[in-house]
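Trainee: Just passing along the structure, written as structure tokens.
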Amino acid sequence: MTFRETAPSTRAIESLNYTSATREILAGGLPMYVCPPRPLGVLKLQFYWPTGTAQQPAPMVARATNILRLSGNKHLTSEQIQEGFEYLGASVGMDVGLNESTLTLQAQEETLIEALQWLLKEGQDPVFPDEELAIYKQVETAGLLRRMQTPRYWSSRECMESLYGIGSPDGTFSNPEDIEALQAATLQYWFTTNLGLGMSTVFVSGDANAKLQEKLRLVLGGINSQEQAPTIITTNTQGLKNQVIKHPLEQSSQASMYLARTLPEMDMRTLQLASLVNMFLGGFFGSRLMQDLRETRGLTYGIGSGISPSSNGYTWYVSGEMNSSNADAALEATLEIMKNIASNPPSGDELDKAKRYAAGQMRAGFDGPFALPRKIQFLLQSGFDERYYTSYMDTLWSISSEEISQFADNYLQPEAFTIALAGKLN
Amino acid sequence: MIEYNRFVLPNGLRVIHHQDPDSTVVVLNTLFNVGARDEESSRTGFAHLFEHLMFGGSKNVSSYDKSVERAGGSNNAYTNYYITVPAENVETAFWLESDRMFLLDINDKSLEVQRGVVIEEFKQRCFSAPFGLLWHHVRSLVYKQSPYRWPTIGEDISHIENATLEDVAAFYQKHYHPANAILCVAGQITLEETKALCEKWYANIPSAGAVNLNQYNPEPEQEERRFLSETDLSPNPAVFLVWRGPAFSSPDSAALELFADLLGGSEISPLYVRLVKETALFNDAACFYMRGVGEGLFMLYGILNDSKTQEEGEAALLDVFQEALSGKTFTERDMERVKNKATTALLFEKATLINRAQKLCYFENLGHLEALEEENNQYREVSLHHMLNTATATFKQDRVSVLYYSPKQSE
């Protein structure tokens, strides 16, 4: 027997071992989180707003407004504004999610303040020029039409529309006519009421040394905080459940399946429990879906599951792509695996392994200079406080096999999922 | 600046150590000096197949993934293999990585399963999405003799379907051994620990094969315009213009990368402003220079709006391109701008541990580890004059490879 035959001992990870960001209120009232500085020479300055597509008055408005917020003002064109950032070696990126919007300014430590001042000078009074909106519509429509060629797009769309109802916050998928209907006045209104810099929370990560922090306080302190417009309350309509929807795409050789159900609002412990059950299902490489469908039977390349926030709680989804001839077998096997988690819950070694993996991944998620803002934003969105992280390991290690079985029994029964298949279907 | 230590084990394994005390994890990144260009023309896609087979277990590790997961780690590959583990479980990573370099377990069962997975990946990527076969078409048009004529995923799906156990075992023996590998150990680990663990886990692996000398069939100079017309799932027609260019290590390749960024790297670039915004000929128009180890590729492309023809598109792309080459488009301020962008991008690349580990391996494989610190200077030293001269000398209009895509439904 050689030393190689014995695996080195491993330790279970019992602490996240991270340093918190500091939170302060700037002179003008804006909240700012500063992450522990790292001497990298670069920083990210992120403005975060807790509104996204769930609150928008019409499809595409939240996204188009944020993307086009630097597309021109009364003095400068889109190109002139962008050139100002690029000349400083800086870049600006915008993103929009279900309940959030962000603007991220990336720059070198020595040019960040100048880039920020450029943003404050030229990025606060957009006029959403008609010609820029027309180009946006053209580009966005072309991209949408390309996505519409793929089975994956249609399986997720059909499933979510059926589950939540077309037009509801979680069941809204844009069509070319939605893009065409966008108007500058609507974008202007959304910007003024939801996306002003004074309505944001600021996150600083990277090389935020003490000197730079002082400069940031000075510059950002000049922004007066503003109230966002009251959130538009829209609720999901009752969608169709417990059915299989098919969307044929004859020119594809592949098929895609998407299964989804709603999950209610959960407290911190229940969300961790749900995440652990999801891990066993399809949340990591060692999951039952991945091991059975891909690694044992070679039916798919991509298969997995996840839990994502919805406007009224969470959505639990399973998705996979496969050759058309494998679609029925893959779906059947997926439903069987879902059903079996309640009756055959992980215990002993399987449970221990998954907890060790979850613990390691949670810690790794905090590693790196730009990791913290996303973690804090999760807390802001979910309504949790930092105890979610400080108690994470204790909670994880205390979850029992019985709890997993009970949760799966309550929420993982296949008949509670809406199922969509798209692509070349038999 | 990335600080590192370098040492070589007696079996030829080159090891680079990079300590990051701020990190809570350790990355082991293994670069084997093998890629698609080392495949036989009738057995393509093997280097990519190994991205899958390498996770199938080894003599002393029945399940690679389960062992990684038990250590709280994660792993992946793109013909470059990396594993990240919490620092306290680093020895597991050494055990796993060394064992699969030593005694990978390739058997009929694992080959059958992974062959199925790779075929699914091939179909999903290449047959089920717009532009899925783009690199197959581009490479077969641009290259006629060198192994660059097929993409990493393989030239034809039948090569993987027909792969035998003997084929893949021979490929493993030839390429996946210490003398043909570079290991970077990065994160919360000292040099002493790294040396001790390398000695324990890697030093006794025999170097079974020769070092890859990276000698390939040379590709003759392209002397003519080449043309290919294909159909695709994209609902819009598209035009792609491609030229070959110098390898990563040539200073000229940095100049061509800057040229590509200026011409079509952002929404203020002339390609986008003139052809998407002003004339609405395209809904996307851009270009990039892909700097490769062996050589580079410059691609200039546009996705046309409805009712526009590919001939119109090609002419318009070339108009903007030629005007840029003539020196009428870019100023010294533009040069400063694009260099500043490149400097920032490099700093962000080096901000994450995994990127640093992969960059260290990449530059070691080039044979110039010290050149990593010169990367930014390569950009800073490019003058407007040098950039335009290099682009003019490299991209001859009568030696371009042209690819037209038409929507499948219009057939």
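Every chain in the structure tokens has a letter given in the order shown (A, B, ...), and although residue numbers restart at 1 in each chain, ligands are simply numbered from 1 in the order shown.
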I'd like to know which residues of region 148-372 of chain A are helix (DSSP H, G or I) (by DSSP, run on the backbone); could you write them as a VMD selection string?
Mentor: chain A and resid 151 to 164 176 to 180 184 to 194 197 to 199 210 to 220 268 to 283 288 to 296 324 to 343 348 to 364 372
Trainee: Generate the output file for the selected residues, C-alpha atoms, as a tab-separated table (two decimals), in the first residue's frame.
Mentor:
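Resulting contents of again_4.tsv:
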chain	number	residue	atom	x	y	z
A	151	PRO	CA	-34.52	25.76	-27.23
A	152	ARG	CA	-33.34	26.97	-23.84
A	153	TYR	CA	-34.90	30.40	-24.32
A	154	TRP	CA	-38.29	28.93	-25.15
A	155	SER	CA	-38.37	26.27	-22.47
A	156	SER	CA	-37.68	28.82	-19.71
A	157	ARG	CA	-40.05	31.38	-21.19
A	158	GLU	CA	-42.94	29.00	-21.69
A	159	CYS	CA	-42.46	27.58	-18.22
A	160	MET	CA	-42.26	30.92	-16.39
A	161	GLU	CA	-45.12	32.47	-18.35
A	162	SER	CA	-47.30	29.50	-17.53
A	163	LEU	CA	-46.25	29.39	-13.90
A	164	TYR	CA	-46.71	33.07	-13.13
A	176	PRO	CA	-40.10	42.83	-30.32
A	177	GLU	CA	-43.25	44.96	-30.09
A	178	ASP	CA	-42.45	45.74	-26.43
A	179	ILE	CA	-39.07	47.05	-27.48
A	180	GLU	CA	-40.61	49.02	-30.30
A	184	ALA	CA	-38.12	58.48	-24.25
A	185	ALA	CA	-40.65	60.07	-21.92
A	186	THR	CA	-41.23	56.77	-20.10
A	187	LEU	CA	-37.50	56.24	-19.67
A	188	GLN	CA	-37.09	59.79	-18.43
A	189	TYR	CA	-39.82	59.22	-15.87
A	190	TRP	CA	-38.33	55.93	-14.69
A	191	PHE	CA	-34.89	57.52	-14.38
A	192	THR	CA	-36.18	60.51	-12.44
A	193	THR	CA	-38.26	58.47	-10.04
A	194	ASN	CA	-36.05	55.40	-9.58
A	197	LEU	CA	-27.66	58.73	-7.99
A	198	GLY	CA	-29.21	60.28	-4.86
A	199	MET	CA	-31.51	57.26	-4.56
A	210	ALA	CA	-7.56	55.66	3.19
A	211	LYS	CA	-6.60	58.62	1.00
A	212	LEU	CA	-8.98	57.60	-1.72
A	213	GLN	CA	-11.77	56.99	0.77
A	214	GLU	CA	-11.41	60.59	1.94
A	215	LYS	CA	-11.69	61.85	-1.61
A	216	LEU	CA	-14.74	59.69	-2.21
A	217	ARG	CA	-16.41	61.06	0.91
A	218	LEU	CA	-15.81	64.55	-0.37
A	219	VAL	CA	-17.12	63.94	-3.89
A	220	LEU	CA	-19.99	61.59	-3.08
A	268	MET	CA	-32.85	32.56	7.09
A	269	ARG	CA	-32.75	28.99	8.30
A	270	THR	CA	-35.40	27.77	5.88
A	271	LEU	CA	-33.65	29.40	2.95
A	272	GLN	CA	-30.43	27.60	3.89
A	273	LEU	CA	-32.36	24.36	4.17
A	274	ALA	CA	-33.94	24.94	0.77
A	275	SER	CA	-30.54	25.70	-0.73
A	276	LEU	CA	-29.13	22.47	0.68
A	277	VAL	CA	-32.03	20.41	-0.70
A	278	ASN	CA	-31.48	22.12	-4.04
A	279	MET	CA	-27.83	21.16	-3.91
A	280	PHE	CA	-28.72	17.50	-3.68
A	281	LEU	CA	-31.12	17.88	-6.53
A	282	GLY	CA	-29.00	19.71	-9.09
A	283	GLY	CA	-27.00	22.43	-7.39
A	288	ARG	CA	-28.20	13.53	-8.11
A	289	LEU	CA	-29.30	15.07	-11.40
A	290	MET	CA	-25.74	15.69	-12.54
A	291	GLN	CA	-24.46	12.33	-11.43
A	292	ASP	CA	-27.31	10.30	-12.84
A	293	LEU	CA	-28.26	12.09	-16.05
A	294	ARG	CA	-24.83	13.28	-17.10
A	295	GLU	CA	-22.09	11.31	-15.43
A	296	THR	CA	-23.77	7.88	-15.31
A	324	SER	CA	-34.06	15.33	-28.85
A	325	SER	CA	-33.99	11.56	-28.71
A	326	ASN	CA	-32.96	11.76	-25.04
A	327	ALA	CA	-35.60	14.28	-23.98
A	328	ASP	CA	-38.24	11.86	-22.75
A	329	ALA	CA	-35.75	9.72	-20.87
A	330	ALA	CA	-34.13	12.81	-19.30
A	331	LEU	CA	-37.46	14.23	-18.17
A	332	GLU	CA	-38.58	10.92	-16.76
A	333	ALA	CA	-35.33	10.47	-14.85
A	334	THR	CA	-35.51	14.04	-13.55
A	335	LEU	CA	-39.01	13.59	-12.17
A	336	GLU	CA	-37.99	10.33	-10.55
A	337	ILE	CA	-35.00	11.94	-8.85
A	338	MET	CA	-37.15	14.82	-7.60
A	339	LYS	CA	-39.70	12.41	-6.16
A	340	ASN	CA	-37.06	10.28	-4.46
A	341	ILE	CA	-35.36	12.97	-2.42
A	342	ALA	CA	-38.21	12.99	0.12
A	343	SER	CA	-38.34	9.18	0.43
A	348	GLY	CA	-24.53	10.06	6.57
A	349	ASP	CA	-21.77	10.38	4.06
A	350	GLU	CA	-23.79	12.03	1.31
A	351	LEU	CA	-25.11	14.67	3.68
A	352	ASP	CA	-21.71	15.31	5.22
A	353	LYS	CA	-20.09	15.68	1.81
A	354	ALA	CA	-22.70	18.16	0.63
A	355	LYS	CA	-22.41	20.26	3.77
A	356	ARG	CA	-18.63	20.34	3.43
A	357	TYR	CA	-19.01	21.43	-0.17
A	358	ALA	CA	-21.58	24.10	0.71
A	359	ALA	CA	-19.36	25.41	3.50
A	360	GLY	CA	-16.31	25.61	1.24
A	361	GLN	CA	-18.23	27.31	-1.52
A	362	MET	CA	-19.77	29.86	0.79
A	363	ARG	CA	-16.34	30.77	2.07
A	364	ALA	CA	-14.88	30.89	-1.44
A	372	LEU	CA	-18.42	41.56	-0.76
Trainee: Show me, as a PyMOL selection string, the residues of chain B whose atoms get within 7 Å of chain A, using only C-alpha atoms for the distance check.
Mentor: chain B and resi 23-25+60+65-66+69-73+86+88-89+91-92+113-114+116-117+120-121+124+127-130+233-235+268+277+283-284+336-337+340-341+344+347-348+351-352
Trainee: Put those residues in a file: C-alpha atoms, as a compact mmCIF listing (two decimals), in the first residue's frame.
Mentor:
# COMPACT_ATOMS: atom_id res chain seq x y z
CA SER B 23 -6.96 34.90 0.31
CA THR B 24 -8.59 32.10 2.29
CA VAL B 25 -8.19 29.55 -0.50
CA ASN B 60 -6.12 5.95 -6.15
CA ASP B 65 -15.40 15.23 -7.83
CA LYS B 66 -16.55 13.68 -4.59
CA GLU B 69 -16.47 18.42 -2.78
CA ARG B 70 -15.60 16.77 0.52
CA ALA B 71 -12.71 19.23 0.81
CA GLY B 72 -15.10 22.12 0.18
CA GLY B 73 -13.45 22.86 -3.13
CA PRO B 86 -10.02 26.11 1.36
CA GLU B 88 -6.73 24.14 5.34
CA ASN B 89 -7.56 21.36 2.85
CA GLU B 91 -3.29 18.66 0.52
CA THR B 92 -6.40 17.13 -1.01
CA VAL B 113 -20.12 8.15 -20.67
CA GLN B 114 -17.85 11.10 -21.37
CA GLY B 116 -21.82 10.87 -24.73
CA VAL B 117 -21.47 14.07 -22.71
CA GLU B 120 -24.14 16.46 -26.29
CA GLU B 121 -21.92 19.49 -25.70
CA GLN B 124 -25.70 22.01 -27.94
CA PHE B 127 -26.00 22.94 -33.76
CA SER B 128 -28.46 24.67 -31.43
CA ALA B 129 -27.43 28.31 -31.32
CA PRO B 130 -26.84 31.08 -33.86
CA LEU B 233 -29.67 29.70 -37.30
CA SER B 234 -29.15 33.46 -37.02
CA PRO B 235 -32.27 35.28 -38.20
CA ILE B 268 -17.65 54.66 -29.74
CA LYS B 277 -25.63 54.09 -35.55
CA ASN B 283 -27.29 45.72 -35.78
CA ASP B 284 -23.83 44.77 -34.58
CA GLU B 336 -3.69 57.21 -25.25
CA ARG B 337 -7.30 56.24 -24.62
CA ASN B 340 -5.31 53.44 -20.77
CA LYS B 341 -8.12 50.95 -21.30
CA THR B 344 -6.91 49.03 -16.55
CA LEU B 347 -4.92 45.31 -13.61
CA PHE B 348 -8.43 43.89 -13.28
CA ALA B 351 -7.10 41.10 -9.34
CA THR B 352 -8.40 37.56 -8.94
Trainee: Report, in Å with one decimal, the straight-line distance from CA of Cys35 (chain A) to CA of Ser74 (chain B).
Mentor: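 CA of Ser74 (chain B) lies 25.0 Å from CA of Cys35 (chain A).
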Trainee: Give me, as a PyMOL selection string, the residues of region 168-227 of chain A that a backbone DSSP run labels strand (DSSP E).
Mentor: chain A and resi 201-206
Trainee: Any idea what's packed within 8 Å of Asn236 (chain B), counting only C-alpha atoms, ignoring anything in its chain fewer than 6 positions away? Could you give it as a VMD selection string?
Mentor: (chain A and resid 142) or (chain B and resid 303 to 306 406 to 407)
Trainee: For region 229-232 of chain B, please output as a count of residues only all residues within 12 Å (counting only C-alpha atoms; exclusion window: fewer than 5 positions along the same chain).
Mentor: 34
Trainee: Please provide as a PyMOL selection string all residues within 12 Å of Arg149 (chain B), with the sequence filter that same-chain residues fewer than 2 positions apart are discarded (counting only C-alpha atoms).
Mentor: chain B and resi 36-41+44+135-147+151-156+216-219+244
Trainee: Could you please take those selected residues and save N, CA and C atoms as a PDB file, in the first residue's frame?
Mentor:
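Result file follows (again_20.pdb):
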ATOM      1  N   ALA B  36      -5.542  21.548 -29.144  1.00  0.00           N
ATOM      2  CA  ALA B  36      -6.128  21.007 -30.365  1.00  0.00           C
ATOM      3  C   ALA B  36      -5.083  20.872 -31.477  1.00  0.00           C
ATOM      4  N   ARG B  37      -4.075  21.731 -31.441  1.00  0.00           N
ATOM      5  CA  ARG B  37      -3.071  21.686 -32.513  1.00  0.00           C
ATOM      6  C   ARG B  37      -2.194  20.440 -32.428  1.00  0.00           C
ATOM      7  N   ASP B  38      -2.268  19.710 -31.310  1.00  0.00           N
ATOM      8  CA  ASP B  38      -1.470  18.494 -31.164  1.00  0.00           C
ATOM      9  C   ASP B  38      -2.242  17.239 -31.569  1.00  0.00           C
ATOM     10  N   GLU B  39      -3.434  17.437 -32.088  1.00  0.00           N
ATOM     11  CA  GLU B  39      -4.255  16.282 -32.468  1.00  0.00           C
ATOM     12  C   GLU B  39      -3.986  15.873 -33.912  1.00  0.00           C
ATOM     13  N   GLU B  40      -4.278  14.613 -34.182  1.00  0.00           N
ATOM     14  CA  GLU B  40      -4.213  14.165 -35.574  1.00  0.00           C
ATOM     15  C   GLU B  40      -5.486  14.626 -36.282  1.00  0.00           C
ATOM     16  N   SER B  41      -5.375  14.834 -37.587  1.00  0.00           N
ATOM     17  CA  SER B  41      -6.518  15.390 -38.309  1.00  0.00           C
ATOM     18  C   SER B  41      -7.723  14.446 -38.344  1.00  0.00           C
ATOM     19  N   THR B  44      -9.676  14.612 -34.053  1.00  0.00           N
ATOM     20  CA  THR B  44      -9.731  15.945 -33.438  1.00  0.00           C
ATOM     21  C   THR B  44     -10.703  15.941 -32.254  1.00  0.00           C
ATOM     22  N   TRP B 135     -16.642  28.993 -35.769  1.00  0.00           N
ATOM     23  CA  TRP B 135     -15.201  28.735 -35.735  1.00  0.00           C
ATOM     24  C   TRP B 135     -14.816  27.530 -36.584  1.00  0.00           C
ATOM     25  N   HIS B 136     -15.722  26.611 -36.800  1.00  0.00           N
ATOM     26  CA  HIS B 136     -15.453  25.537 -37.765  1.00  0.00           C
ATOM     27  C   HIS B 136     -15.269  26.142 -39.159  1.00  0.00           C
ATOM     28  N   HIS B 137     -16.181  27.014 -39.520  1.00  0.00           N
ATOM     29  CA  HIS B 137     -16.128  27.599 -40.859  1.00  0.00           C
ATOM     30  C   HIS B 137     -14.916  28.511 -41.019  1.00  0.00           C
ATOM     31  N   VAL B 138     -14.687  29.344 -40.023  1.00  0.00           N
ATOM     32  CA  VAL B 138     -13.568  30.295 -40.119  1.00  0.00           C
ATOM     33  C   VAL B 138     -12.244  29.549 -40.226  1.00  0.00           C
ATOM     34  N   ARG B 139     -12.044  28.588 -39.342  1.00  0.00           N
ATOM     35  CA  ARG B 139     -10.745  27.904 -39.325  1.00  0.00           C
ATOM     36  C   ARG B 139     -10.504  27.076 -40.589  1.00  0.00           C
ATOM     37  N   SER B 140     -11.552  26.463 -41.072  1.00  0.00           N
ATOM     38  CA  SER B 140     -11.356  25.653 -42.285  1.00  0.00           C
ATOM     39  C   SER B 140     -11.099  26.532 -43.507  1.00  0.00           C
ATOM     40  N   LEU B 141     -11.552  27.771 -43.437  1.00  0.00           N
ATOM     41  CA  LEU B 141     -11.325  28.692 -44.548  1.00  0.00           C
ATOM     42  C   LEU B 141      -9.922  29.299 -44.490  1.00  0.00           C
ATOM     43  N   VAL B 142      -9.504  29.655 -43.302  1.00  0.00           N
ATOM     44  CA  VAL B 142      -8.235  30.370 -43.141  1.00  0.00           C
ATOM     45  C   VAL B 142      -7.033  29.418 -43.202  1.00  0.00           C
ATOM     46  N   TYR B 143      -7.205  28.224 -42.649  1.00  0.00           N
ATOM     47  CA  TYR B 143      -6.087  27.279 -42.571  1.00  0.00           C
ATOM     48  C   TYR B 143      -6.340  26.081 -43.477  1.00  0.00           C
ATOM     49  N   LYS B 144      -5.341  25.724 -44.237  1.00  0.00           N
ATOM     50  CA  LYS B 144      -5.477  24.578 -45.145  1.00  0.00           C
ATOM     51  C   LYS B 144      -4.558  23.423 -44.755  1.00  0.00           C
ATOM     52  N   GLN B 145      -3.476  23.731 -44.071  1.00  0.00           N
ATOM     53  CA  GLN B 145      -2.521  22.669 -43.743  1.00  0.00           C
ATOM     54  C   GLN B 145      -2.231  22.525 -42.253  1.00  0.00           C
ATOM     55  N   SER B 146      -2.207  23.615 -41.550  1.00  0.00           N
ATOM     56  CA  SER B 146      -1.802  23.536 -40.136  1.00  0.00           C
ATOM     57  C   SER B 146      -2.953  22.979 -39.298  1.00  0.00           C
ATOM     58  N   PRO B 147      -2.629  22.478 -38.101  1.00  0.00           N
ATOM     59  CA  PRO B 147      -3.700  21.941 -37.235  1.00  0.00           C
ATOM     60  C   PRO B 147      -4.617  23.015 -36.661  1.00  0.00           C
ATOM     61  N   PRO B 151     -11.406  23.607 -34.690  1.00  0.00           N
ATOM     62  CA  PRO B 151     -11.549  24.253 -33.386  1.00  0.00           C
ATOM     63  C   PRO B 151     -11.321  23.265 -32.243  1.00  0.00           C
ATOM     64  N   THR B 152     -11.207  23.783 -31.038  1.00  0.00           N
ATOM     65  CA  THR B 152     -10.893  22.940 -29.877  1.00  0.00           C
ATOM     66  C   THR B 152     -11.920  21.836 -29.676  1.00  0.00           C
ATOM     67  N   ILE B 153     -13.154  22.114 -29.957  1.00  0.00           N
ATOM     68  CA  ILE B 153     -14.192  21.106 -29.700  1.00  0.00           C
ATOM     69  C   ILE B 153     -14.119  19.949 -30.710  1.00  0.00           C
ATOM     70  N   GLY B 154     -13.337  20.141 -31.762  1.00  0.00           N
ATOM     71  CA  GLY B 154     -13.145  19.073 -32.743  1.00  0.00           C
ATOM     72  C   GLY B 154     -13.746  19.431 -34.095  1.00  0.00           C
ATOM     73  N   GLU B 155     -13.157  18.841 -35.131  1.00  0.00           N
ATOM     74  CA  GLU B 155     -13.616  19.168 -36.481  1.00  0.00           C
ATOM     75  C   GLU B 155     -14.947  18.499 -36.783  1.00  0.00           C
ATOM     76  N   ASP B 156     -15.040  17.254 -36.383  1.00  0.00           N
ATOM     77  CA  ASP B 156     -16.235  16.498 -36.739  1.00  0.00           C
ATOM     78  C   ASP B 156     -16.643  15.638 -35.547  1.00  0.00           C
ATOM     79  N   TYR B 216       4.676  22.044 -35.765  1.00  0.00           N
ATOM     80  CA  TYR B 216       3.462  21.710 -36.515  1.00  0.00           C
ATOM     81  C   TYR B 216       3.670  21.974 -37.994  1.00  0.00           C
ATOM     82  N   ASN B 217       2.762  21.400 -38.759  1.00  0.00           N
ATOM     83  CA  ASN B 217       2.753  21.706 -40.186  1.00  0.00           C
ATOM     84  C   ASN B 217       2.618  23.199 -40.369  1.00  0.00           C
ATOM     85  N   PRO B 218       3.560  23.836 -41.014  1.00  0.00           N
ATOM     86  CA  PRO B 218       3.412  25.287 -41.193  1.00  0.00           C
ATOM     87  C   PRO B 218       2.294  25.602 -42.193  1.00  0.00           C
ATOM     88  N   GLU B 219       1.631  26.675 -41.940  1.00  0.00           N
ATOM     89  CA  GLU B 219       0.583  27.105 -42.856  1.00  0.00           C
ATOM     90  C   GLU B 219       1.204  28.066 -43.877  1.00  0.00           C
ATOM     91  N   ARG B 244      -5.000  36.248 -40.760  1.00  0.00           N
ATOM     92  CA  ARG B 244      -4.047  35.708 -39.792  1.00  0.00           C
ATOM     93  C   ARG B 244      -3.090  36.817 -39.336  1.00  0.00           C
TER      94      ARG B 244
END
Trainee: Rank nothing, just name the residue among B:Asn33, B:Ser253, B:Asn377, B:Ser307 nearest to Met290 (chain B), using only C-alpha atoms.
Mentor: B:Ser253
Trainee: Any idea what's packed within 12 Å of Ser58 (chain B), counting only C-alpha atoms, ignoring anything in its chain fewer than 3 positions away? Could you give it as an MDAnalysis selection string?
Mentor: (chainID A and resid 4:5) or (chainID B and resid 53:55 61:65 67 95:107 110)
Trainee: Give me the residues near Glu402 (chain A) as a ChimeraX atom specification, where near means some atom within 9 Å (using only C-alpha atoms) and where sequence neighbours in that chain fewer than 4 positions away do not count.
Mentor: /A:342,345,347,406-407
